[in-house]
Structure formats: structure tokens, C-alpha cells
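Coordinates as given in target.tsv (TSV, N, CA, C and O atoms):
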```tsv
chain	number	residue	atom	x	y	z
A	73	TYR	N	-44.60	-4.99	-31.96
A	73	TYR	CA	-44.62	-5.84	-30.79
A	73	TYR	C	-43.38	-6.70	-30.80
A	73	TYR	O	-43.06	-7.36	-31.78
A	74	LEU	N	-42.66	-6.72	-29.68
A	74	LEU	CA	-41.43	-7.49	-29.55
A	74	LEU	C	-41.61	-8.53	-28.46
A	74	LEU	O	-42.03	-8.21	-27.35
A	75	GLU	N	-41.30	-9.75	-28.79
A	75	GLU	CA	-41.40	-10.82	-27.81
A	75	GLU	C	-40.03	-11.46	-27.64
A	75	GLU	O	-39.39	-11.84	-28.62
A	76	LEU	N	-39.58	-11.53	-26.41
A	76	LEU	CA	-38.29	-12.15	-26.11
A	76	LEU	C	-38.53	-13.55	-25.57
A	76	LEU	O	-39.39	-13.75	-24.72
A	77	LYS	N	-37.75	-14.49	-26.05
A	77	LYS	CA	-37.86	-15.85	-25.56
A	77	LYS	C	-36.61	-16.21	-24.77
A	77	LYS	O	-35.50	-15.92	-25.21
A	78	GLU	N	-36.81	-16.83	-23.64
A	78	GLU	CA	-35.70	-17.23	-22.79
A	78	GLU	C	-35.01	-18.46	-23.35
A	78	GLU	O	-35.64	-19.40	-23.80
A	79	ARG	N	-33.68	-18.41	-23.35
A	79	ARG	CA	-32.91	-19.59	-23.76
A	79	ARG	C	-32.61	-20.41	-22.52
A	79	ARG	O	-32.19	-19.88	-21.51
A	80	ILE	N	-32.81	-21.69	-22.62
A	80	ILE	CA	-32.53	-22.53	-21.46
A	80	ILE	C	-31.24	-23.33	-21.63
A	80	ILE	O	-30.78	-23.96	-20.70
A	81	ASP	N	-30.67	-23.30	-22.83
A	81	ASP	CA	-29.42	-24.02	-23.05
A	81	ASP	C	-28.23	-23.07	-22.91
A	81	ASP	O	-28.30	-21.90	-23.25
A	82	SER	N	-27.16	-23.58	-22.35
A	82	SER	CA	-25.94	-22.81	-22.22
A	82	SER	C	-24.76	-23.77	-22.21
A	82	SER	O	-24.91	-24.95	-21.93
A	83	THR	N	-23.59	-23.23	-22.54
A	83	THR	CA	-22.39	-24.05	-22.65
A	83	THR	C	-21.23	-23.31	-21.99
A	83	THR	O	-21.08	-22.10	-22.17
A	84	LEU	N	-20.42	-24.03	-21.25
A	84	LEU	CA	-19.21	-23.45	-20.67
A	84	LEU	C	-18.14	-23.46	-21.75
A	84	LEU	O	-17.75	-24.51	-22.25
A	85	LEU	N	-17.68	-22.27	-22.11
A	85	LEU	CA	-16.63	-22.10	-23.11
A	85	LEU	C	-15.33	-21.81	-22.38
A	85	LEU	O	-15.26	-20.84	-21.61
A	86	ARG	N	-14.34	-22.66	-22.57
A	86	ARG	CA	-13.03	-22.48	-21.94
A	86	ARG	C	-11.99	-22.24	-23.03
A	86	ARG	O	-12.12	-22.74	-24.14
A	87	GLY	N	-10.96	-21.53	-22.65
A	87	GLY	CA	-9.92	-21.31	-23.64
A	87	GLY	C	-8.68	-20.68	-23.06
A	87	GLY	O	-8.57	-20.43	-21.86
A	88	MET	N	-7.75	-20.42	-23.96
A	88	MET	CA	-6.49	-19.78	-23.62
A	88	MET	C	-6.18	-18.72	-24.66
A	88	MET	O	-6.45	-18.91	-25.85
A	89	VAL	N	-5.62	-17.62	-24.19
A	89	VAL	CA	-5.22	-16.54	-25.09
A	89	VAL	C	-3.70	-16.53	-25.14
A	89	VAL	O	-3.03	-16.51	-24.11
A	90	ILE	N	-3.16	-16.58	-26.37
A	90	ILE	CA	-1.71	-16.53	-26.55
A	90	ILE	C	-1.35	-15.41	-27.51
A	90	ILE	O	-2.18	-14.97	-28.32
A	91	ASN	N	-0.10	-14.96	-27.43
A	91	ASN	CA	0.38	-13.94	-28.37
A	91	ASN	C	1.01	-14.62	-29.58
A	91	ASN	O	0.99	-15.84	-29.70
A	92	ASP	N	1.57	-13.83	-30.48
A	92	ASP	CA	2.13	-14.38	-31.71
A	92	ASP	C	3.34	-15.28	-31.48
A	92	ASP	O	3.72	-16.05	-32.35
A	93	LEU	N	3.94	-15.22	-30.27
A	93	LEU	CA	5.07	-16.08	-29.93
A	93	LEU	C	4.62	-17.36	-29.21
A	93	LEU	O	5.44	-18.20	-28.87
A	94	GLY	N	3.31	-17.46	-28.95
A	94	GLY	CA	2.78	-18.63	-28.27
A	94	GLY	C	2.75	-18.52	-26.75
A	94	GLY	O	2.46	-19.49	-26.06
A	95	ASN	N	3.09	-17.33	-26.23
A	95	ASN	CA	3.08	-17.11	-24.79
A	95	ASN	C	1.70	-16.69	-24.30
A	95	ASN	O	0.98	-15.97	-25.01
A	96	PRO	N	1.32	-17.09	-23.09
A	96	PRO	CA	0.00	-16.70	-22.55
A	96	PRO	C	-0.12	-15.19	-22.39
A	96	PRO	O	0.86	-14.52	-22.06
A	97	GLU	N	-1.33	-14.69	-22.61
A	97	GLU	CA	-1.61	-13.25	-22.46
A	97	GLU	C	-2.66	-13.07	-21.37
A	97	GLU	O	-3.74	-13.64	-21.44
A	98	ASP	N	-2.31	-12.27	-20.36
A	98	ASP	CA	-3.27	-12.00	-19.29
A	98	ASP	C	-4.04	-10.70	-19.58
A	98	ASP	O	-3.70	-9.94	-20.48
A	99	SER	N	-5.09	-10.49	-18.81
A	99	SER	CA	-5.89	-9.26	-18.86
A	99	SER	C	-6.49	-8.96	-20.24
A	99	SER	O	-6.62	-7.81	-20.62
A	100	VAL	N	-6.81	-10.01	-20.98
A	100	VAL	CA	-7.46	-9.84	-22.29
A	100	VAL	C	-8.96	-9.97	-22.07
A	100	VAL	O	-9.43	-10.95	-21.48
A	101	TYR	N	-9.70	-8.98	-22.52
A	101	TYR	CA	-11.16	-8.99	-22.39
A	101	TYR	C	-11.73	-9.80	-23.54
A	101	TYR	O	-11.48	-9.51	-24.70
A	102	ILE	N	-12.49	-10.83	-23.19
A	102	ILE	CA	-13.11	-11.72	-24.18
A	102	ILE	C	-14.59	-11.36	-24.25
A	102	ILE	O	-15.29	-11.42	-23.23
A	103	ASP	N	-15.06	-10.98	-25.42
A	103	ASP	CA	-16.45	-10.59	-25.62
A	103	ASP	C	-17.10	-11.56	-26.60
A	103	ASP	O	-16.56	-11.81	-27.67
A	104	VAL	N	-18.25	-12.10	-26.22
A	104	VAL	CA	-18.98	-13.03	-27.07
A	104	VAL	C	-20.25	-12.36	-27.57
A	104	VAL	O	-21.06	-11.89	-26.77
A	105	GLU	N	-20.39	-12.28	-28.89
A	105	GLU	CA	-21.59	-11.74	-29.52
A	105	GLU	C	-21.96	-10.34	-29.01
A	105	GLU	O	-23.10	-10.08	-28.65
A	106	SER	N	-20.98	-9.45	-28.96
A	106	SER	CA	-21.21	-8.04	-28.58
A	106	SER	C	-21.94	-7.88	-27.26
A	106	SER	O	-22.94	-7.17	-27.16
A	107	GLY	N	-21.46	-8.57	-26.24
A	107	GLY	CA	-21.99	-8.39	-24.90
A	107	GLY	C	-22.87	-9.51	-24.39
A	107	GLY	O	-23.35	-9.45	-23.25
A	108	MET	N	-23.11	-10.53	-25.18
A	108	MET	CA	-23.93	-11.65	-24.73
A	108	MET	C	-23.29	-12.32	-23.51
A	108	MET	O	-23.98	-12.74	-22.59
A	109	ALA	N	-21.97	-12.40	-23.51
A	109	ALA	CA	-21.21	-12.96	-22.40
A	109	ALA	C	-19.79	-12.42	-22.50
A	109	ALA	O	-19.34	-12.05	-23.58
A	110	SER	N	-19.09	-12.36	-21.37
A	110	SER	CA	-17.71	-11.85	-21.41
A	110	SER	C	-16.89	-12.44	-20.28
A	110	SER	O	-17.43	-12.97	-19.30
A	111	ALA	N	-15.58	-12.35	-20.43
A	111	ALA	CA	-14.63	-12.85	-19.43
A	111	ALA	C	-13.31	-12.12	-19.64
A	111	ALA	O	-13.13	-11.41	-20.64
A	112	THR	N	-12.39	-12.31	-18.71
A	112	THR	CA	-11.05	-11.74	-18.82
A	112	THR	C	-10.05	-12.86	-18.55
A	112	THR	O	-10.22	-13.64	-17.61
A	113	SER	N	-9.00	-12.93	-19.37
A	113	SER	CA	-7.99	-13.98	-19.19
A	113	SER	C	-7.17	-13.74	-17.93
A	113	SER	O	-6.90	-12.61	-17.55
A	114	ASP	N	-6.78	-14.85	-17.28
A	114	ASP	CA	-6.00	-14.75	-16.05
A	114	ASP	C	-4.50	-14.65	-16.37
A	114	ASP	O	-4.11	-14.52	-17.53
A	115	ASP	N	-3.67	-14.74	-15.34
A	115	ASP	CA	-2.22	-14.57	-15.54
A	115	ASP	C	-1.59	-15.69	-16.36
A	115	ASP	O	-0.45	-15.57	-16.81
A	116	LYS	N	-2.31	-16.77	-16.59
A	116	LYS	CA	-1.81	-17.86	-17.44
A	116	LYS	C	-2.52	-17.88	-18.79
A	116	LYS	O	-2.39	-18.84	-19.54
A	117	GLY	N	-3.27	-16.82	-19.08
A	117	GLY	CA	-3.96	-16.70	-20.36
A	117	GLY	C	-5.27	-17.45	-20.44
A	117	GLY	O	-5.94	-17.44	-21.46
A	118	ARG	N	-5.68	-18.10	-19.36
A	118	ARG	CA	-6.90	-18.91	-19.38
A	118	ARG	C	-8.14	-18.07	-19.11
A	118	ARG	O	-8.07	-17.08	-18.38
A	119	PHE	N	-9.25	-18.52	-19.67
A	119	PHE	CA	-10.54	-17.88	-19.39
A	119	PHE	C	-11.63	-18.93	-19.48
A	119	PHE	O	-11.47	-19.98	-20.09
A	120	SER	N	-12.76	-18.64	-18.87
A	120	SER	CA	-13.95	-19.47	-19.02
A	120	SER	C	-15.16	-18.56	-18.92
A	120	SER	O	-15.16	-17.58	-18.16
A	121	VAL	N	-16.17	-18.88	-19.71
A	121	VAL	CA	-17.37	-18.06	-19.76
A	121	VAL	C	-18.55	-18.95	-20.15
A	121	VAL	O	-18.40	-19.84	-20.98
A	122	ILE	N	-19.67	-18.72	-19.52
A	122	ILE	CA	-20.88	-19.46	-19.89
A	122	ILE	C	-21.59	-18.67	-20.99
A	122	ILE	O	-21.91	-17.50	-20.81
A	123	VAL	N	-21.77	-19.33	-22.13
A	123	VAL	CA	-22.43	-18.68	-23.26
A	123	VAL	C	-23.82	-19.29	-23.47
A	123	VAL	O	-23.99	-20.50	-23.33
A	124	PRO	N	-24.80	-18.45	-23.77
A	124	PRO	CA	-26.15	-18.97	-24.01
A	124	PRO	C	-26.26	-19.55	-25.42
A	124	PRO	O	-26.84	-18.94	-26.32
A	125	ALA	N	-25.63	-20.69	-25.59
A	125	ALA	CA	-25.61	-21.34	-26.91
A	125	ALA	C	-25.37	-22.83	-26.71
A	125	ALA	O	-24.79	-23.25	-25.72
A	126	SER	N	-25.80	-23.60	-27.69
A	126	SER	CA	-25.60	-25.04	-27.67
A	126	SER	C	-24.36	-25.40	-28.47
A	126	SER	O	-23.92	-24.63	-29.34
A	127	ALA	N	-23.82	-26.58	-28.22
A	127	ALA	CA	-22.70	-27.08	-29.02
A	127	ALA	C	-23.11	-27.09	-30.49
A	127	ALA	O	-24.23	-27.46	-30.83
A	128	GLY	N	-22.21	-26.62	-31.33
A	128	GLY	CA	-22.46	-26.56	-32.76
A	128	GLY	C	-22.88	-25.18	-33.25
A	128	GLY	O	-22.78	-24.89	-34.44
A	129	GLU	N	-23.33	-24.31	-32.35
A	129	GLU	CA	-23.70	-22.96	-32.76
A	129	GLU	C	-22.45	-22.13	-33.03
A	129	GLU	O	-21.40	-22.35	-32.44
A	130	VAL	N	-22.57	-21.17	-33.91
A	130	VAL	CA	-21.46	-20.30	-34.28
A	130	VAL	C	-21.68	-18.93	-33.63
A	130	VAL	O	-22.76	-18.35	-33.74
A	131	LEU	N	-20.63	-18.43	-32.95
A	131	LEU	CA	-20.70	-17.15	-32.26
A	131	LEU	C	-19.53	-16.26	-32.66
A	131	LEU	O	-18.44	-16.76	-32.95
A	132	LEU	N	-19.74	-14.96	-32.60
A	132	LEU	CA	-18.67	-14.00	-32.86
A	132	LEU	C	-17.92	-13.75	-31.56
A	132	LEU	O	-18.52	-13.38	-30.54
A	133	LEU	N	-16.61	-13.96	-31.57
A	133	LEU	CA	-15.78	-13.75	-30.40
A	133	LEU	C	-14.77	-12.65	-30.69
A	133	LEU	O	-14.12	-12.65	-31.74
A	134	THR	N	-14.64	-11.72	-29.75
A	134	THR	CA	-13.71	-10.61	-29.89
A	134	THR	C	-12.80	-10.58	-28.67
A	134	THR	O	-13.26	-10.79	-27.55
A	135	ALA	N	-11.50	-10.35	-28.89
A	135	ALA	CA	-10.54	-10.23	-27.79
A	135	ALA	C	-9.91	-8.84	-27.86
A	135	ALA	O	-9.41	-8.42	-28.91
A	136	VAL	N	-9.95	-8.14	-26.72
A	136	VAL	CA	-9.46	-6.76	-26.65
A	136	VAL	C	-8.44	-6.65	-25.52
A	136	VAL	O	-8.68	-7.14	-24.42
A	137	LYS	N	-7.33	-5.99	-25.80
A	137	LYS	CA	-6.32	-5.72	-24.76
A	137	LYS	C	-5.85	-4.29	-24.92
A	137	LYS	O	-5.52	-3.85	-26.02
A	138	ASN	N	-5.86	-3.57	-23.81
A	138	ASN	CA	-5.44	-2.17	-23.79
A	138	ASN	C	-6.16	-1.33	-24.84
A	138	ASN	O	-5.56	-0.48	-25.49
A	139	GLY	N	-7.43	-1.61	-25.03
A	139	GLY	CA	-8.25	-0.83	-25.95
A	139	GLY	C	-8.12	-1.21	-27.42
A	139	GLY	O	-8.79	-0.63	-28.27
A	140	SER	N	-7.28	-2.18	-27.72
A	140	SER	CA	-7.08	-2.60	-29.12
A	140	SER	C	-7.71	-3.97	-29.35
A	140	SER	O	-7.50	-4.89	-28.57
A	141	THR	N	-8.48	-4.08	-30.43
A	141	THR	CA	-9.06	-5.36	-30.81
A	141	THR	C	-7.98	-6.18	-31.50
A	141	THR	O	-7.49	-5.80	-32.56
A	142	LEU	N	-7.60	-7.30	-30.89
A	142	LEU	CA	-6.50	-8.12	-31.39
A	142	LEU	C	-6.97	-9.45	-31.97
A	142	LEU	O	-6.18	-10.22	-32.48
A	143	TYR	N	-8.27	-9.71	-31.85
A	143	TYR	CA	-8.84	-10.93	-32.41
A	143	TYR	C	-10.33	-10.69	-32.58
A	143	TYR	O	-11.00	-10.16	-31.69
A	144	ARG	N	-10.86	-11.07	-33.73
A	144	ARG	CA	-12.29	-10.98	-33.99
A	144	ARG	C	-12.62	-12.00	-35.06
A	144	ARG	O	-12.22	-11.84	-36.22
A	145	ASP	N	-13.32	-13.06	-34.65
A	145	ASP	CA	-13.62	-14.13	-35.60
A	145	ASP	C	-14.80	-14.95	-35.07
A	145	ASP	O	-15.16	-14.86	-33.90
A	146	PHE	N	-15.36	-15.74	-35.94
A	146	PHE	CA	-16.44	-16.63	-35.56
A	146	PHE	C	-15.85	-17.94	-35.05
A	146	PHE	O	-14.88	-18.45	-35.61
A	147	ILE	N	-16.45	-18.46	-33.99
A	147	ILE	CA	-16.04	-19.73	-33.43
A	147	ILE	C	-17.25	-20.65	-33.37
A	147	ILE	O	-18.38	-20.19	-33.29
A	148	THR	N	-17.01	-21.93	-33.41
A	148	THR	CA	-18.08	-22.91	-33.23
A	148	THR	C	-18.01	-23.43	-31.81
A	148	THR	O	-16.96	-23.88	-31.36
A	149	VAL	N	-19.11	-23.33	-31.10
A	149	VAL	CA	-19.17	-23.78	-29.71
A	149	VAL	C	-19.04	-25.30	-29.69
A	149	VAL	O	-19.71	-26.00	-30.45
A	150	THR	N	-18.15	-25.78	-28.83
A	150	THR	CA	-17.98	-27.22	-28.65
A	150	THR	C	-18.51	-27.60	-27.28
A	150	THR	O	-18.49	-26.79	-26.35
A	151	GLY	N	-18.96	-28.81	-27.15
A	151	GLY	CA	-19.46	-29.27	-25.86
A	151	GLY	C	-18.35	-29.58	-24.88
A	151	GLY	O	-18.51	-29.50	-23.68
A	152	LYS	N	-17.19	-29.95	-25.39
A	152	LYS	CA	-16.05	-30.31	-24.55
A	152	LYS	C	-14.78	-29.69	-25.13
A	152	LYS	O	-14.76	-29.28	-26.27
A	153	GLY	N	-13.74	-29.69	-24.34
A	153	GLY	CA	-12.47	-29.16	-24.81
A	153	GLY	C	-12.38	-27.66	-24.65
A	153	GLY	O	-13.19	-27.05	-23.97
A	154	SER	N	-11.40	-27.07	-25.28
A	154	SER	CA	-11.19	-25.63	-25.16
A	154	SER	C	-10.72	-25.07	-26.50
A	154	SER	O	-10.36	-25.80	-27.40
A	155	ILE	N	-10.73	-23.74	-26.56
A	155	ILE	CA	-10.28	-23.06	-27.77
A	155	ILE	C	-9.02	-22.28	-27.45
A	155	ILE	O	-8.77	-21.95	-26.29
A	156	THR	N	-8.23	-22.00	-28.46
A	156	THR	CA	-7.06	-21.14	-28.31
A	156	THR	C	-7.25	-19.93	-29.19
A	156	THR	O	-7.57	-20.05	-30.37
A	157	ILE	N	-7.07	-18.76	-28.58
A	157	ILE	CA	-7.18	-17.51	-29.30
A	157	ILE	C	-5.78	-16.95	-29.48
A	157	ILE	O	-5.10	-16.67	-28.48
A	158	LYS	N	-5.34	-16.84	-30.71
A	158	LYS	CA	-4.01	-16.28	-30.99
A	158	LYS	C	-4.19	-14.83	-31.38
A	158	LYS	O	-4.83	-14.52	-32.40
A	159	LEU	N	-3.65	-13.93	-30.57
A	159	LEU	CA	-3.79	-12.50	-30.80
A	159	LEU	C	-2.95	-12.06	-32.00
A	159	LEU	O	-1.87	-12.58	-32.25
A	160	LYS	N	-3.49	-11.08	-32.71
A	160	LYS	CA	-2.77	-10.48	-33.83
A	160	LYS	C	-2.07	-9.24	-33.33
A	160	LYS	O	-2.50	-8.59	-32.39
A	161	LYS	N	-0.97	-8.90	-33.96
A	161	LYS	CA	-0.24	-7.69	-33.56
A	161	LYS	C	-0.99	-6.46	-33.96
A	161	LYS	O	-1.72	-6.41	-34.88
```

Before anything else, please render the file you have as C-alpha cells.
Amino acid sequence: YLELKERIDSTLLRGMVINDLGNPEDSVYIDVESGMASATSDDKGRFSVIVPASAGEVLLLTAVKNGSTLYRDFITVTGKGSITIKLKK
């Protein structure tokens, strides 16, 4: 028997994706917890996504561009501010 419980808390996660030179990267697919939430960075590298998590929770974030995973790490959800994702070559 499987019972699913609805989460009522969520947090807006904002951030920027940059390359190894510090320049913004567009069209980067941002995946949170293997499909829990996702977004794509805009032409200035910015993204925002609502994640079903409270501030302080730790989530796995993956960034993919052109089919290559360029970032995969755990992040701590913050209630305010933004995160910066630096892509690996």
C-alpha cells in the first residue's frame, strides 16, 4: 500500500548560470531532484523555478546543456536571495 502526501510548502528558487569564464549561459536546462521541478536559463543566464521544499532543505540540482551534464550537486534551499551555478567543462 502506497500513500502519497501533498506538500503545501514551496519556495521560489532563483539563480544564474555562468560558464568557467564567469559569462552567463543561456538555454541551460535546470533539473531539481530528477524531475521534481525544472527551468531553463534565459539569454542572461537567469532562471527561476518553484520547488516543493522549505528553506533549509537540501535538494539535488542538475544543469544540462546540449545533452551534457555540466553541473550536478546538492544545494540548500534559501528563503531569499539567489544561487549561482558555475558550469564545468

Exercise. Got a sec: who's within 7 Å of Asp114 in chain A, counting all atoms listed in the file, leaving out chain neighbours fewer than 6 positions off, as a count of residues only?
Worked result: 6

Which residues, written as a PDB file with N, CA, C and O atoms, in the frame of the given file, have at least one atom at most 10 Å from Gly107 in chain A, with only C-alpha atoms counted and residues fewer than 4 positions away on the same chain left out?
```pdb
ATOM      1  N   ILE A 102     -12.490 -10.830 -23.190  1.00  0.00           N
ATOM      2  CA  ILE A 102     -13.110 -11.720 -24.180  1.00  0.00           C
ATOM      3  C   ILE A 102     -14.590 -11.360 -24.250  1.00  0.00           C
ATOM      4  O   ILE A 102     -15.290 -11.420 -23.230  1.00  0.00           O
ATOM      5  N   ASP A 103     -15.060 -10.980 -25.420  1.00  0.00           N
ATOM      6  CA  ASP A 103     -16.450 -10.590 -25.620  1.00  0.00           C
ATOM      7  C   ASP A 103     -17.100 -11.560 -26.600  1.00  0.00           C
ATOM      8  O   ASP A 103     -16.560 -11.810 -27.670  1.00  0.00           O
ATOM      9  N   LEU A 133     -16.610 -13.960 -31.570  1.00  0.00           N
ATOM     10  CA  LEU A 133     -15.780 -13.750 -30.400  1.00  0.00           C
ATOM     11  C   LEU A 133     -14.770 -12.650 -30.690  1.00  0.00           C
ATOM     12  O   LEU A 133     -14.120 -12.650 -31.740  1.00  0.00           O
ATOM     13  N   THR A 134     -14.640 -11.720 -29.750  1.00  0.00           N
ATOM     14  CA  THR A 134     -13.710 -10.610 -29.890  1.00  0.00           C
ATOM     15  C   THR A 134     -12.800 -10.580 -28.670  1.00  0.00           C
ATOM     16  O   THR A 134     -13.260 -10.790 -27.550  1.00  0.00           O
TER      17      THR A 134
END
```

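Take the candidates A:Leu74, A:Tyr101, A:Gly94, A:Leu84 and check each one against Ala135 in chain A using only C-alpha atoms; the shortest distance goes to A:Tyr101.
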
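The spacing separating CA of Asn95 in chain A from CA of Ala127 in chain A amounts to 28.0 Å.
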
For this session: May I ask which of the residues A:Lys77, A:Arg86, A:Lys158, A:Lys137 is the closest one to Ile122 in chain A, counting only C-alpha atoms?
Result: A:Arg86

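Near Arg118 in chain A, within a cut-off of 4.5 Å and counting all atoms listed in the file, sit the residues A:Gly87, A:Met88, A:Thr112, A:Ser113, A:Asp114, with same-chain residues fewer than 3 positions away left out.
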
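Across the structure, atom C of Val123 in chain A and atom O of Ser82 in chain A are spaced 6.0 Å apart.
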
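Each of A:Ala109, A:Val121, A:Leu85, A:Ile90 was compared to Ile147 in chain A using only C-alpha atoms, and A:Leu85 turns out to be the nearest.
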
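CA of Phe119 in chain A is positioned 18.1 Å from atom O of Thr141 in chain A.
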
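Proximity of A:Ile155, A:Val149, A:Ala111, A:Leu131 to Thr83 in chain A, computed with all atoms listed in the file, is greatest for A:Val149.
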
Report the centre and edge lengths, in Å to one decimal, of an axis-aligned box enclosing every atom of range 118-121 of chain A listed in the file, padded by 5 Å on each side, as AutoDock Vina command-line options.
```
--center_x -12.1 --center_y -18.5 --center_z -19.6 --size_x 22.9 --size_y 12.9 --size_z 12.8
```
